[in-house]
file work.csv (CSV, C-alpha atoms)
chain,number,residue,atom,x,y,z
A,1,MET,CA,0.0,0.0,0.0
A,2,PRO,CA,1.2,3.5,-0.7
A,3,GLU,CA,2.6,5.8,2.0
A,4,GLY,CA,-0.2,7.5,3.9
A,5,ALA,CA,-2.7,4.6,3.4
A,6,GLN,CA,-2.8,3.8,7.1
A,7,SER,CA,-3.4,7.4,8.2
A,8,LEU,CA,-6.1,7.6,5.5
A,9,ARG,CA,-7.7,4.4,7.0
A,10,ARG,CA,-7.8,6.0,10.5
A,11,GLU,CA,-9.3,9.1,9.0
A,12,VAL,CA,-12.0,7.2,7.2
A,13,ARG,CA,-12.8,5.1,10.3
A,14,ALA,CA,-13.2,8.2,12.5
A,15,PHE,CA,-15.5,9.7,9.9
A,16,LEU,CA,-17.6,6.6,9.7
A,17,ASP,CA,-17.8,6.2,13.5
A,18,ASP,CA,-19.5,9.6,13.6
A,19,ALA,CA,-21.5,9.5,10.4
A,20,LEU,CA,-23.0,6.0,11.0
A,21,ARG,CA,-23.9,6.5,14.7
A,22,ASP,CA,-27.6,6.6,14.0
A,23,VAL,CA,-27.8,4.4,10.9
A,24,PRO,CA,-29.8,1.2,11.7
A,25,LEU,CA,-28.6,-2.3,11.0
A,26,SER,CA,-31.3,-2.8,8.3
A,27,GLU,CA,-29.6,-0.1,6.3
A,28,ARG,CA,-26.0,-1.0,7.2
A,29,ALA,CA,-26.5,-4.6,6.2
A,30,LEU,CA,-27.4,-3.4,2.7
A,31,SER,CA,-24.2,-1.3,2.6
A,32,TRP,CA,-23.4,-0.3,-1.0
A,33,ASP,CA,-26.9,-1.2,-2.1
A,34,ALA,CA,-28.5,1.3,0.3
A,35,CYS,CA,-29.0,4.8,-0.8
A,36,ASN,CA,-28.7,7.8,1.6
A,37,PRO,CA,-28.2,11.1,-0.3
A,38,ASP,CA,-27.3,12.9,2.9
A,39,PHE,CA,-24.6,10.4,3.8
A,40,SER,CA,-23.2,10.7,0.2
A,41,ARG,CA,-23.0,14.4,0.5
A,42,ARG,CA,-21.1,14.1,3.8
A,43,MET,CA,-18.7,11.7,2.1
A,44,GLY,CA,-18.2,14.2,-0.7
A,45,GLU,CA,-17.6,17.0,1.8
A,46,ALA,CA,-15.0,14.8,3.5
A,47,GLY,CA,-13.2,14.2,0.2
A,48,PHE,CA,-13.9,10.5,0.0
A,49,ILE,CA,-15.7,10.4,-3.3
A,50,GLY,CA,-13.6,10.7,-6.5
A,51,LEU,CA,-10.5,10.1,-4.4
A,52,SER,CA,-8.5,8.9,-7.4
A,53,PHE,CA,-10.0,11.5,-9.8
A,54,PRO,CA,-7.7,14.4,-11.0
A,55,VAL,CA,-7.6,17.4,-8.7
A,56,GLU,CA,-8.4,19.7,-11.6
A,57,TYR,CA,-11.9,18.2,-11.7
A,58,GLY,CA,-12.6,18.2,-8.0
A,59,GLY,CA,-11.1,14.8,-7.2
A,60,GLY,CA,-8.5,13.8,-4.6
A,61,GLY,CA,-5.7,13.0,-7.0
A,62,ARG,CA,-4.7,9.9,-5.0
A,63,THR,CA,-4.1,6.3,-6.1
A,64,GLN,CA,-6.4,3.4,-6.8
A,65,LEU,CA,-5.0,1.6,-3.8
A,66,GLU,CA,-5.9,4.5,-1.5
A,67,ARG,CA,-9.4,4.5,-3.0
A,68,PHE,CA,-9.5,0.8,-2.2
A,69,VAL,CA,-8.9,1.7,1.5
A,70,VAL,CA,-11.9,4.0,1.5
A,71,LEU,CA,-14.1,1.3,-0.2
A,72,GLU,CA,-13.3,-1.5,2.2
A,73,GLU,CA,-13.7,0.6,5.3
A,74,CYS,CA,-17.1,1.7,4.0
A,75,LEU,CA,-18.1,-1.9,3.3
A,76,ALA,CA,-16.8,-3.2,6.6
A,77,ALA,CA,-18.8,-0.6,8.5
A,78,GLY,CA,-21.9,-1.0,6.4
A,79,ALA,CA,-22.0,2.6,5.1
A,80,PRO,CA,-25.0,3.3,2.9
A,81,THR,CA,-23.0,4.4,-0.2
A,82,GLY,CA,-25.5,3.4,-2.9
A,83,PHE,CA,-26.4,6.9,-4.0
A,84,HIS,CA,-22.9,7.7,-5.2
A,85,TRP,CA,-21.4,4.2,-5.7
A,86,PHE,CA,-21.8,3.7,-9.4
A,87,ALA,CA,-20.7,7.2,-10.2
A,88,ASP,CA,-17.6,6.9,-8.1
A,89,ARG,CA,-16.8,3.3,-9.2
A,90,GLN,CA,-17.3,3.4,-13.0
A,91,SER,CA,-19.4,6.2,-14.4
A,92,GLY,CA,-16.9,8.9,-13.4
A,93,PRO,CA,-13.8,7.0,-14.6
A,94,LEU,CA,-15.6,6.3,-17.9
A,95,ILE,CA,-16.4,10.0,-18.4
A,96,LEU,CA,-12.8,11.0,-17.4
A,97,ARG,CA,-11.4,8.6,-20.0
A,98,TYR,CA,-13.8,9.1,-22.9
A,99,GLY,CA,-15.9,12.2,-22.2
A,100,SER,CA,-15.4,15.7,-23.7
A,101,GLU,CA,-13.6,18.3,-21.7
A,102,GLU,CA,-16.9,20.2,-21.3
A,103,LEU,CA,-18.6,17.0,-20.0
A,104,LYS,CA,-15.7,16.4,-17.5
A,105,ARG,CA,-15.9,19.9,-16.1
A,106,ARG,CA,-19.7,19.8,-15.8
A,107,ILE,CA,-20.2,16.4,-14.3
A,108,ILE,CA,-17.1,15.2,-12.4
A,109,PRO,CA,-17.1,17.9,-9.7
A,110,LEU,CA,-20.8,17.1,-8.9
A,111,ILE,CA,-19.9,13.4,-8.6
A,112,CYS,CA,-17.0,14.3,-6.2
A,113,ARG,CA,-19.4,16.3,-4.0
A,114,GLY,CA,-21.8,13.4,-3.7
A,115,GLU,CA,-24.6,15.3,-5.5
A,116,LEU,CA,-25.2,13.0,-8.5
A,117,CYS,CA,-26.7,9.5,-8.6
A,118,PHE,CA,-25.9,7.4,-11.7
A,119,CYS,CA,-27.4,4.1,-13.0
A,120,ILE,CA,-26.1,1.7,-15.6
A,121,GLY,CA,-28.0,0.9,-18.7
A,122,MET,CA,-26.7,-2.5,-19.9
A,123,SER,CA,-29.1,-5.4,-19.4
A,124,GLU,CA,-32.1,-5.9,-21.6
A,125,PRO,CA,-35.2,-8.1,-21.2
A,126,ASP,CA,-34.3,-10.7,-23.9
A,127,SER,CA,-30.6,-10.6,-23.5
A,128,GLY,CA,-29.9,-12.2,-20.1
A,129,SER,CA,-26.2,-11.8,-19.4
A,130,ASP,CA,-25.4,-11.8,-23.2
A,131,LEU,CA,-24.7,-8.1,-23.4
A,132,ALA,CA,-23.7,-8.3,-27.1
A,133,SER,CA,-27.2,-9.3,-28.0
A,134,LEU,CA,-28.8,-6.0,-26.9
A,135,ARG,CA,-31.3,-4.4,-29.2
A,136,THR,CA,-32.1,-1.0,-27.9
A,137,ARG,CA,-31.2,1.3,-30.8
A,138,ALA,CA,-30.0,4.9,-31.0
A,139,ALA,CA,-30.7,6.2,-34.5
A,140,ARG,CA,-29.1,9.5,-35.8
A,141,THR,CA,-31.4,12.5,-36.4
A,142,SER,CA,-30.6,15.9,-37.7
A,143,SER,CA,-29.9,17.1,-34.2
A,144,GLY,CA,-28.9,14.1,-32.2
A,145,TRP,CA,-30.2,10.6,-31.5
A,146,ARG,CA,-33.6,8.9,-31.3
A,147,VAL,CA,-33.7,6.0,-28.8
A,148,ASN,CA,-36.1,3.1,-28.7
A,149,GLY,CA,-35.9,0.0,-26.6
A,150,THR,CA,-35.8,-1.2,-22.9
A,151,LYS,CA,-33.2,-1.7,-20.2
A,152,ILE,CA,-34.0,-3.9,-17.2
A,153,TRP,CA,-32.6,-4.6,-13.7
A,154,THR,CA,-31.5,-1.0,-13.7
A,155,THR,CA,-30.6,-0.3,-10.1
A,156,ASN,CA,-31.5,3.2,-8.9
A,157,ALA,CA,-33.0,4.4,-12.2
A,158,HIS,CA,-36.0,5.8,-10.3
A,159,ARG,CA,-33.7,8.1,-8.3
A,160,ALA,CA,-30.8,8.6,-10.7
A,161,HIS,CA,-29.9,11.8,-12.4
A,162,TYR,CA,-28.0,10.1,-15.2
A,163,MET,CA,-27.6,6.8,-16.9
A,164,ILE,CA,-24.6,5.7,-18.9
A,165,ALA,CA,-26.2,3.4,-21.5
A,166,LEU,CA,-25.0,1.0,-24.2
A,167,PHE,CA,-27.1,1.3,-27.3
A,168,ARG,CA,-26.9,-0.2,-30.8
A,169,THR,CA,-25.9,2.5,-33.3
A,170,GLY,CA,-24.6,0.4,-36.3
A,171,GLU,CA,-24.1,-3.1,-37.7
A,172,GLY,CA,-21.1,-5.4,-38.0
A,173,GLN,CA,-20.1,-8.9,-38.7
A,174,ARG,CA,-20.0,-9.6,-35.0
A,175,ARG,CA,-22.7,-8.9,-32.5
A,176,ASN,CA,-20.5,-6.7,-30.3
A,177,GLU,CA,-19.8,-4.4,-33.2
A,178,GLY,CA,-21.9,-1.3,-33.8
A,179,LEU,CA,-22.5,-0.4,-30.1
A,180,SER,CA,-22.0,3.0,-28.5
A,181,GLN,CA,-22.2,4.5,-25.0
A,182,PHE,CA,-24.4,7.5,-24.2
A,183,LEU,CA,-24.9,9.8,-21.2
A,184,VAL,CA,-28.7,10.0,-20.7
A,185,ASP,CA,-30.3,12.7,-18.6
A,186,LEU,CA,-33.1,10.8,-16.9
A,187,ARG,CA,-34.7,13.8,-15.3
A,188,ASN,CA,-35.0,16.1,-18.4
A,189,THR,CA,-35.4,13.7,-21.4
A,190,PRO,CA,-38.9,13.2,-22.7
A,191,GLY,CA,-39.8,9.7,-23.9
A,192,ILE,CA,-38.3,7.8,-20.9
A,193,ARG,CA,-40.6,5.8,-18.7
A,194,ILE,CA,-39.3,4.1,-15.5
A,195,ALA,CA,-41.2,1.2,-14.0
A,196,PRO,CA,-40.1,-0.3,-10.7
A,197,ILE,CA,-39.5,-4.1,-10.1
A,198,ARG,CA,-40.2,-5.4,-6.6
A,199,ASP,CA,-37.7,-8.0,-5.4
A,200,ILE,CA,-38.3,-10.9,-3.0
A,201,ALA,CA,-37.4,-8.7,-0.1
A,202,GLY,CA,-40.1,-6.2,-1.0
A,203,ARG,CA,-37.7,-3.6,-2.2
A,204,GLU,CA,-38.1,-1.6,-5.4
A,205,HIS,CA,-34.5,-0.6,-6.3
A,206,PHE,CA,-34.6,-2.5,-9.7
A,207,ASN,CA,-36.3,-0.9,-12.6
A,208,GLU,CA,-37.3,-1.3,-16.2
A,209,VAL,CA,-36.4,1.8,-18.3
A,210,HIS,CA,-38.4,2.2,-21.5
A,211,PHE,CA,-37.1,4.5,-24.3
A,212,GLU,CA,-40.0,5.5,-26.5
A,213,ASP,CA,-38.7,7.9,-29.2
A,214,ALA,CA,-36.5,9.5,-26.6
A,215,LEU,CA,-34.4,12.3,-28.1
A,216,LEU,CA,-30.7,12.7,-27.0
A,217,ALA,CA,-28.5,15.6,-28.0
A,218,GLU,CA,-25.6,15.0,-30.4
A,219,ASP,CA,-23.1,15.4,-27.5
A,220,ALA,CA,-24.8,12.7,-25.4
A,221,LEU,CA,-22.4,10.2,-27.2
A,222,ILE,CA,-19.5,9.2,-25.0
A,223,GLY,CA,-16.3,8.3,-26.8
A,224,VAL,CA,-16.3,7.1,-30.4
A,225,GLU,CA,-19.4,6.0,-32.2
A,226,ASN,CA,-19.6,2.2,-32.7
A,227,GLU,CA,-16.7,1.5,-30.3
A,228,GLY,CA,-18.8,1.1,-27.2
A,229,TRP,CA,-17.9,-2.6,-26.7
A,230,ALA,CA,-14.2,-1.8,-25.9
A,231,GLN,CA,-15.3,1.0,-23.6
A,232,VAL,CA,-17.9,-1.1,-21.8
A,233,THR,CA,-15.4,-3.9,-21.3
A,234,GLU,CA,-13.1,-1.5,-19.5
A,235,GLU,CA,-16.1,-0.3,-17.4
A,236,LEU,CA,-17.0,-3.9,-16.5
A,237,ALA,CA,-13.5,-4.4,-15.2
A,238,LEU,CA,-14.1,-1.6,-12.7
A,239,GLU,CA,-17.5,-3.0,-11.8
A,240,ARG,CA,-16.4,-6.6,-11.2
A,241,SER,CA,-13.1,-6.3,-9.3
A,242,GLY,CA,-13.8,-4.2,-6.1
A,243,PRO,CA,-14.2,-5.3,-2.5
A,244,GLU,CA,-18.0,-5.2,-2.9
A,245,ARG,CA,-17.6,-8.5,-4.6
A,246,TYR,CA,-16.7,-10.3,-1.4
A,247,LEU,CA,-17.8,-7.9,1.4
A,248,SER,CA,-21.5,-7.6,0.6
A,249,CYS,CA,-22.3,-10.0,3.6
A,250,GLN,CA,-19.8,-8.4,5.9
A,251,ALA,CA,-22.5,-7.1,8.2
A,252,LEU,CA,-23.6,-10.7,8.8
A,253,PHE,CA,-20.0,-11.8,9.6
A,254,ASN,CA,-19.6,-8.8,11.9
A,255,GLU,CA,-22.7,-9.9,13.9
A,256,LEU,CA,-21.7,-13.6,13.9
A,257,LEU,CA,-18.5,-13.1,15.8
A,258,PRO,CA,-20.0,-11.6,19.0
A,259,ILE,CA,-22.6,-14.4,19.0
A,260,LEU,CA,-19.8,-16.9,19.0
A,261,GLY,CA,-18.0,-15.0,21.7
A,262,GLU,CA,-21.1,-15.1,23.9
A,263,ARG,CA,-21.8,-18.7,23.4
A,264,GLY,CA,-18.2,-19.9,23.5
A,265,ALA,CA,-17.1,-21.1,20.1
A,266,GLY,CA,-16.1,-24.8,19.9
A,267,ASP,CA,-13.3,-26.2,17.7
A,268,SER,CA,-15.6,-26.7,14.7
A,269,ALA,CA,-16.8,-23.1,14.8
A,270,ALA,CA,-13.2,-21.9,15.1
A,271,VAL,CA,-12.2,-23.9,12.1
A,272,ALA,CA,-15.2,-22.6,10.1
A,273,VAL,CA,-14.4,-19.0,11.0
A,274,GLY,CA,-10.8,-19.6,10.2
A,275,ARG,CA,-11.7,-20.8,6.7
A,276,ILE,CA,-13.9,-17.7,6.2
A,277,VAL,CA,-11.1,-15.4,7.2
A,278,ALA,CA,-8.7,-17.3,4.9
A,279,GLN,CA,-11.0,-16.8,1.9
A,280,LEU,CA,-11.5,-13.2,2.8
A,281,GLY,CA,-7.7,-12.7,2.8
A,282,ALA,CA,-7.2,-14.4,-0.5
A,283,LEU,CA,-10.0,-12.5,-2.2
A,284,ARG,CA,-8.7,-9.2,-0.7
A,285,ALA,CA,-5.2,-9.9,-2.2
A,286,MET,CA,-6.7,-10.6,-5.6
A,287,SER,CA,-8.9,-7.5,-5.5
A,288,LEU,CA,-5.9,-5.4,-4.4
A,289,SER,CA,-3.9,-6.8,-7.3
A,290,VAL,CA,-6.6,-5.6,-9.7
A,291,ALA,CA,-6.6,-2.2,-8.1
A,292,ALA,CA,-2.8,-2.0,-8.7
A,293,MET,CA,-3.3,-3.0,-12.3
A,294,LEU,CA,-5.9,-0.2,-12.7
A,295,GLU,CA,-3.4,2.2,-11.1
A,296,ASP,CA,-0.9,1.2,-13.8
A,297,GLY,CA,-3.4,2.0,-16.6
A,298,GLU,CA,-4.2,-1.6,-17.4
A,299,SER,CA,-7.7,-3.0,-18.2
A,300,PRO,CA,-7.8,-6.3,-16.2
A,301,ALA,CA,-11.0,-7.8,-17.6
A,302,LEU,CA,-9.9,-11.4,-17.0
A,303,GLU,CA,-8.6,-10.8,-13.5
A,304,ALA,CA,-11.8,-8.8,-12.6
A,305,ALA,CA,-14.0,-11.7,-13.8
A,306,MET,CA,-12.1,-14.1,-11.5
A,307,VAL,CA,-12.5,-11.8,-8.5
A,308,LYS,CA,-16.2,-11.3,-9.2
A,309,ASP,CA,-16.9,-15.0,-9.8
A,310,MET,CA,-15.0,-16.3,-6.8
A,311,GLY,CA,-16.1,-13.4,-4.6
A,312,THR,CA,-19.8,-13.7,-5.2
A,313,ARG,CA,-19.7,-17.5,-4.7
A,314,PHE,CA,-18.0,-16.8,-1.3
A,315,GLU,CA,-20.7,-14.2,-0.4
A,316,GLN,CA,-23.5,-16.6,-1.3
A,317,SER,CA,-22.0,-19.3,1.0
A,318,LEU,CA,-21.9,-17.1,4.1
A,319,PRO,CA,-25.6,-17.3,5.2
A,320,ARG,CA,-25.5,-21.1,4.9
A,321,LEU,CA,-22.1,-21.3,6.8
A,322,ALA,CA,-23.5,-19.0,9.5
A,323,GLN,CA,-26.4,-21.2,10.1
A,324,GLU,CA,-24.2,-24.2,10.3
A,325,ILE,CA,-22.0,-22.5,12.9
A,326,VAL,CA,-24.8,-21.0,15.1
A,327,ASP,CA,-28.1,-22.7,15.7
A,328,LEU,CA,-30.3,-19.5,15.3
A,329,PRO,CA,-32.8,-19.1,12.5
A,330,PRO,CA,-33.1,-16.0,10.3
A,331,ASP,CA,-35.6,-13.5,11.7
A,332,GLY,CA,-36.4,-10.1,10.2
A,333,ALA,CA,-38.5,-8.9,13.2
A,334,GLU,CA,-37.5,-5.7,14.9
A,335,ASP,CA,-37.1,-7.4,18.3
A,336,ALA,CA,-34.9,-10.2,16.9
A,337,LEU,CA,-31.2,-10.3,17.6
A,338,PRO,CA,-29.1,-8.2,15.2
A,339,TYR,CA,-27.4,-11.4,14.0
A,340,GLN,CA,-30.8,-12.9,13.1
A,341,GLN,CA,-31.9,-9.7,11.3
A,342,ALA,CA,-28.7,-9.7,9.2
A,343,LEU,CA,-29.0,-13.4,8.5
A,344,HIS,CA,-32.6,-12.9,7.3
A,345,LEU,CA,-31.7,-10.1,5.0
A,346,MET,CA,-28.6,-11.9,3.5
A,347,THR,CA,-30.5,-15.2,3.1
A,348,VAL,CA,-33.0,-13.4,0.9
A,349,LEU,CA,-30.6,-11.2,-1.0
A,350,ALA,CA,-27.5,-13.4,-1.5
A,351,PRO,CA,-28.9,-15.5,-4.4
A,352,SER,CA,-28.9,-12.4,-6.6
A,353,PHE,CA,-25.2,-11.6,-5.9
A,354,SER,CA,-24.0,-14.0,-8.7
A,355,LEU,CA,-26.2,-12.1,-11.3
A,356,ARG,CA,-25.3,-8.5,-10.8
A,357,GLY,CA,-22.3,-7.5,-12.8
A,358,GLY,CA,-22.5,-10.6,-15.0
A,359,SER,CA,-23.6,-14.1,-14.2
A,360,GLY,CA,-21.2,-16.8,-13.1
A,361,GLU,CA,-21.6,-18.7,-16.4
A,362,ILE,CA,-20.7,-15.6,-18.4
A,363,LEU,CA,-17.7,-14.8,-16.2
A,364,ARG,CA,-16.4,-18.4,-16.5
A,365,GLY,CA,-16.6,-18.1,-20.2
A,366,ILE,CA,-14.5,-14.9,-20.1
A,367,ILE,CA,-12.0,-16.7,-17.8
A,368,ALA,CA,-11.8,-19.7,-20.1
A,369,ARG,CA,-11.2,-17.5,-23.2
A,370,GLY,CA,-8.6,-15.5,-21.3
A,371,LEU,CA,-6.8,-18.7,-20.4
A,372,GLY,CA,-7.0,-20.0,-23.9
A,373,LEU,CA,-9.3,-22.9,-23.0
A,374,ARG,CA,-12.0,-22.0,-25.6
call {"tool": "encode", "arguments": {"input": "work.csv", "output": "structure tokens"}}
result
Amino acid sequence: MPEGAQSLRREVRAFLDDALRDVPLSERALSWDACNPDFSRRMGEAGFIGLSFPVEYGGGGRTQLERFVVLEECLAAGAPTGFHWFADRQSGPLILRYGSEELKRRIIPLICRGELCFCIGMSEPDSGSDLASLRTRAARTSSGWRVNGTKIWTTNAHRAHYMIALFRTGEGQRRNEGLSQFLVDLRNTPGIRIAPIRDIAGREHFNEVHFEDALLAEDALIGVENEGWAQVTEELALERSGPERYLSCQALFNELLPILGERGAGDSAAVAVGRIVAQLGALRAMSLSVAAMLEDGESPALEAAMVKDMGTRFEQSLPRLAQEIVDLPPDGAEDALPYQQALHLMTVLAPSFSLRGGSGEILRGIIARGLGLR
């Protein structure tokens, strides 16, 4: 880790101790999936959003590894970072790499202040995890682009200011040709209809986003027309490699340890916890390695796919392991033990972890191709 990382960690912990004092477990257990605009603005004021962005655009000018410190401290503490998470993780870096100078100066400072919420327009109803098969089309007009089609499973679309979307703009011999990325103003663009999707836990954070002759300006295009596949591949490396791919159930693990302390952990429980910690250590080392590659300007798509696939399988195993270690059932009632509340929430949500950011089957295909096995 770079010099200053430990002092940064202490600074972040002190901030979180104060900022999360009144945040309930039900919100902390969701962590990066929970949206709290006030908390995001406090993060921005403290300088913890856009930490690795250039100073000239309002960022911190620090390294990817220092940004990693902030992320894992937020996840370990259960900070409700969902309002700014996508913008900080991938939308901001994408704009910095491919956006116009005007776009950078207009958007990036607002991201760094925690004032903008972004969503990601990739998945479509008939595409599953096969992103290259998308059909939503942006057709050129005399003044910009006319968009028709639907995006689905779009987290935070109902509260987001902007979407970075992948649309079909041309044709090619291969399905991943003729794609382009656009910045979509969700609040001020006629022809966009957002419909919520309720999940098994009763939440409505997923959405369908329908584009019905929606008109985008010419400068909504990000990067180069028809070269969106290369851009989105880089973006997915940012999405798949971070500590949120193995720390999403950390609130449950945090509550498990005191229960074991109170009950007196036997040898089998100690072995099980040791294995969990060993896996956490290995995944953290892998994720840090990807962060170092990003710092060096690389695009580690293969390595990010490995972190995401292994990390989400680990996360999904934690609720089952917890129930094997402690004989207490999941319970979402307000008067239940914090451990039982966290177990209830993670038992319901964990099955979806292997879907977001690309399903395990798709990721293993990427890994196989990267290793020359297919």
call {"tool": "atom_distance", "arguments": {"input": "work.csv", "atom1": "CA of Gln341 (chain A)", "atom2": "CA of Cys119 (chain A)"}}
result
28.3 Å
call {"tool": "residues_around", "arguments": {"input": "work.csv", "residues": "region 288-301 of chain A", "least_positions_apart": "3", "cutoff": "7 Å", "atoms": "only C-alpha atoms", "output": "ChimeraX atom specification"}}
result
/A:63-65,233-234,237,241,284-285,304-305
call {"tool": "closest_atom_pairs", "arguments": {"input": "work.csv", "of": "region 309-354 of chain A", "to": "region 255-261 of chain A", "cutoff": "12 Å", "atoms": "all atoms listed in the file", "output": "JSON lines"}}
result
{"residue": "A:Leu318", "atom": "CA", "partner": "A:Leu256", "partner_atom": "CA", "distance": 10.4}
{"residue": "A:Pro319", "atom": "CA", "partner": "A:Leu256", "partner_atom": "CA", "distance": 10.2}
{"residue": "A:Leu321", "atom": "CA", "partner": "A:Leu256", "partner_atom": "CA", "distance": 10.5}
{"residue": "A:Ala322", "atom": "CA", "partner": "A:Leu256", "partner_atom": "CA", "distance": 7.2}
{"residue": "A:Gln323", "atom": "CA", "partner": "A:Leu256", "partner_atom": "CA", "distance": 9.7}
{"residue": "A:Glu324", "atom": "CA", "partner": "A:Leu256", "partner_atom": "CA", "distance": 11.5}
{"residue": "A:Ile325", "atom": "CA", "partner": "A:Leu260", "partner_atom": "CA", "distance": 8.6}
{"residue": "A:Val326", "atom": "CA", "partner": "A:Leu260", "partner_atom": "CA", "distance": 7.6}
{"residue": "A:Asp327", "atom": "CA", "partner": "A:Ile259", "partner_atom": "CA", "distance": 10.5}
{"residue": "A:Leu328", "atom": "CA", "partner": "A:Ile259", "partner_atom": "CA", "distance": 9.9}
{"residue": "A:Leu337", "atom": "CA", "partner": "A:Glu255", "partner_atom": "CA", "distance": 9.3}
{"residue": "A:Pro338", "atom": "CA", "partner": "A:Glu255", "partner_atom": "CA", "distance": 6.7}
{"residue": "A:Tyr339", "atom": "CA", "partner": "A:Glu255", "partner_atom": "CA", "distance": 4.9}
{"residue": "A:Gln340", "atom": "CA", "partner": "A:Glu255", "partner_atom": "CA", "distance": 8.7}
{"residue": "A:Gln341", "atom": "CA", "partner": "A:Glu255", "partner_atom": "CA", "distance": 9.6}
{"residue": "A:Ala342", "atom": "CA", "partner": "A:Glu255", "partner_atom": "CA", "distance": 7.6}
{"residue": "A:Leu343", "atom": "CA", "partner": "A:Glu255", "partner_atom": "CA", "distance": 9.0}
call {"tool": "closest_residue", "arguments": {"input": "work.csv", "among": "A:Glu315, A:Asp33, A:Glu303, A:Glu361", "to": "Glu204 (chain A)", "atoms": "all atoms listed in the file"}}
result
A:Asp33
call {"tool": "atom_distance", "arguments": {"input": "work.csv", "atom1": "CA of Gly228 (chain A)", "atom2": "CA of Tyr246 (chain A)"}}
result
28.3 Å
call {"tool": "closest_residue", "arguments": {"input": "work.csv", "among": "A:Gln231, A:Ser354, A:Ser180, A:Ser268", "to": "Pro93 (chain A)", "atoms": "only C-alpha atoms"}}
result
A:Gln231
call {"tool": "residues_around", "arguments": {"input": "work.csv", "residues": "region 72-84 of chain A", "least_positions_apart": "2", "cutoff": "7 Å", "atoms": "only C-alpha atoms", "output": "PyMOL selection string"}}
result
chain A and resi 13+20+27-29+31-37+40+68-70+86-88+114+116-117+243+247+250-251
call {"tool": "residues_around", "arguments": {"input": "work.csv", "residues": "Pro125 (chain A)", "least_positions_apart": "6", "cutoff": "8 Å", "atoms": "only C-alpha atoms", "output": "JSON, numbers by chain"}}
result
{"A": [150, 151, 152]}
call {"tool": "atom_distance", "arguments": {"input": "work.csv", "atom1": "CA of Asn148 (chain A)", "atom2": "CA of Gly92 (chain A)"}}
result
25.2 Å
call {"tool": "residues_around", "arguments": {"input": "work.csv", "residues": "Gly44 (chain A)", "least_positions_apart": "4", "cutoff": "6 Å", "atoms": "only C-alpha atoms", "output": "PyMOL selection string"}}
result
chain A and resi 48-49+112-114
call {"tool": "residues_around", "arguments": {"input": "work.csv", "residues": "Thr169 (chain A)", "least_positions_apart": "3", "cutoff": "10 Å", "atoms": "all atoms listed in the file", "output": "ChimeraX atom specification"}}
result
/A:135-140,145,147,166,177-181,225-228
call {"tool": "closest_residue", "arguments": {"input": "work.csv", "among": "A:Leu280, A:Leu110, A:Ala272, A:Leu349", "to": "Asp199 (chain A)", "atoms": "all atoms listed in the file"}}
result
A:Leu349
call {"tool": "residues_near_point", "arguments": {"input": "work.csv", "point": "(-13.6, -19.0, -18.1)", "cutoff": "12 Å", "atoms": "only C-alpha atoms", "output": "PDB file with C-alpha atoms, keeping the file's coordinate frame"}}
result
ATOM      1  CA  ALA A 301     -11.000  -7.800 -17.600  1.00  0.00           C
ATOM      2  CA  LEU A 302      -9.900 -11.400 -17.000  1.00  0.00           C
ATOM      3  CA  GLU A 303      -8.600 -10.800 -13.500  1.00  0.00           C
ATOM      4  CA  ALA A 304     -11.800  -8.800 -12.600  1.00  0.00           C
ATOM      5  CA  ALA A 305     -14.000 -11.700 -13.800  1.00  0.00           C
ATOM      6  CA  MET A 306     -12.100 -14.100 -11.500  1.00  0.00           C
ATOM      7  CA  ASP A 309     -16.900 -15.000  -9.800  1.00  0.00           C
ATOM      8  CA  MET A 310     -15.000 -16.300  -6.800  1.00  0.00           C
ATOM      9  CA  SER A 359     -23.600 -14.100 -14.200  1.00  0.00           C
ATOM     10  CA  GLY A 360     -21.200 -16.800 -13.100  1.00  0.00           C
ATOM     11  CA  GLU A 361     -21.600 -18.700 -16.400  1.00  0.00           C
ATOM     12  CA  ILE A 362     -20.700 -15.600 -18.400  1.00  0.00           C
ATOM     13  CA  LEU A 363     -17.700 -14.800 -16.200  1.00  0.00           C
ATOM     14  CA  ARG A 364     -16.400 -18.400 -16.500  1.00  0.00           C
ATOM     15  CA  GLY A 365     -16.600 -18.100 -20.200  1.00  0.00           C
ATOM     16  CA  ILE A 366     -14.500 -14.900 -20.100  1.00  0.00           C
ATOM     17  CA  ILE A 367     -12.000 -16.700 -17.800  1.00  0.00           C
ATOM     18  CA  ALA A 368     -11.800 -19.700 -20.100  1.00  0.00           C
ATOM     19  CA  ARG A 369     -11.200 -17.500 -23.200  1.00  0.00           C
ATOM     20  CA  GLY A 370      -8.600 -15.500 -21.300  1.00  0.00           C
ATOM     21  CA  LEU A 371      -6.800 -18.700 -20.400  1.00  0.00           C
ATOM     22  CA  GLY A 372      -7.000 -20.000 -23.900  1.00  0.00           C
ATOM     23  CA  LEU A 373      -9.300 -22.900 -23.000  1.00  0.00           C
ATOM     24  CA  ARG A 374     -12.000 -22.000 -25.600  1.00  0.00           C
TER      25      ARG A 374
END
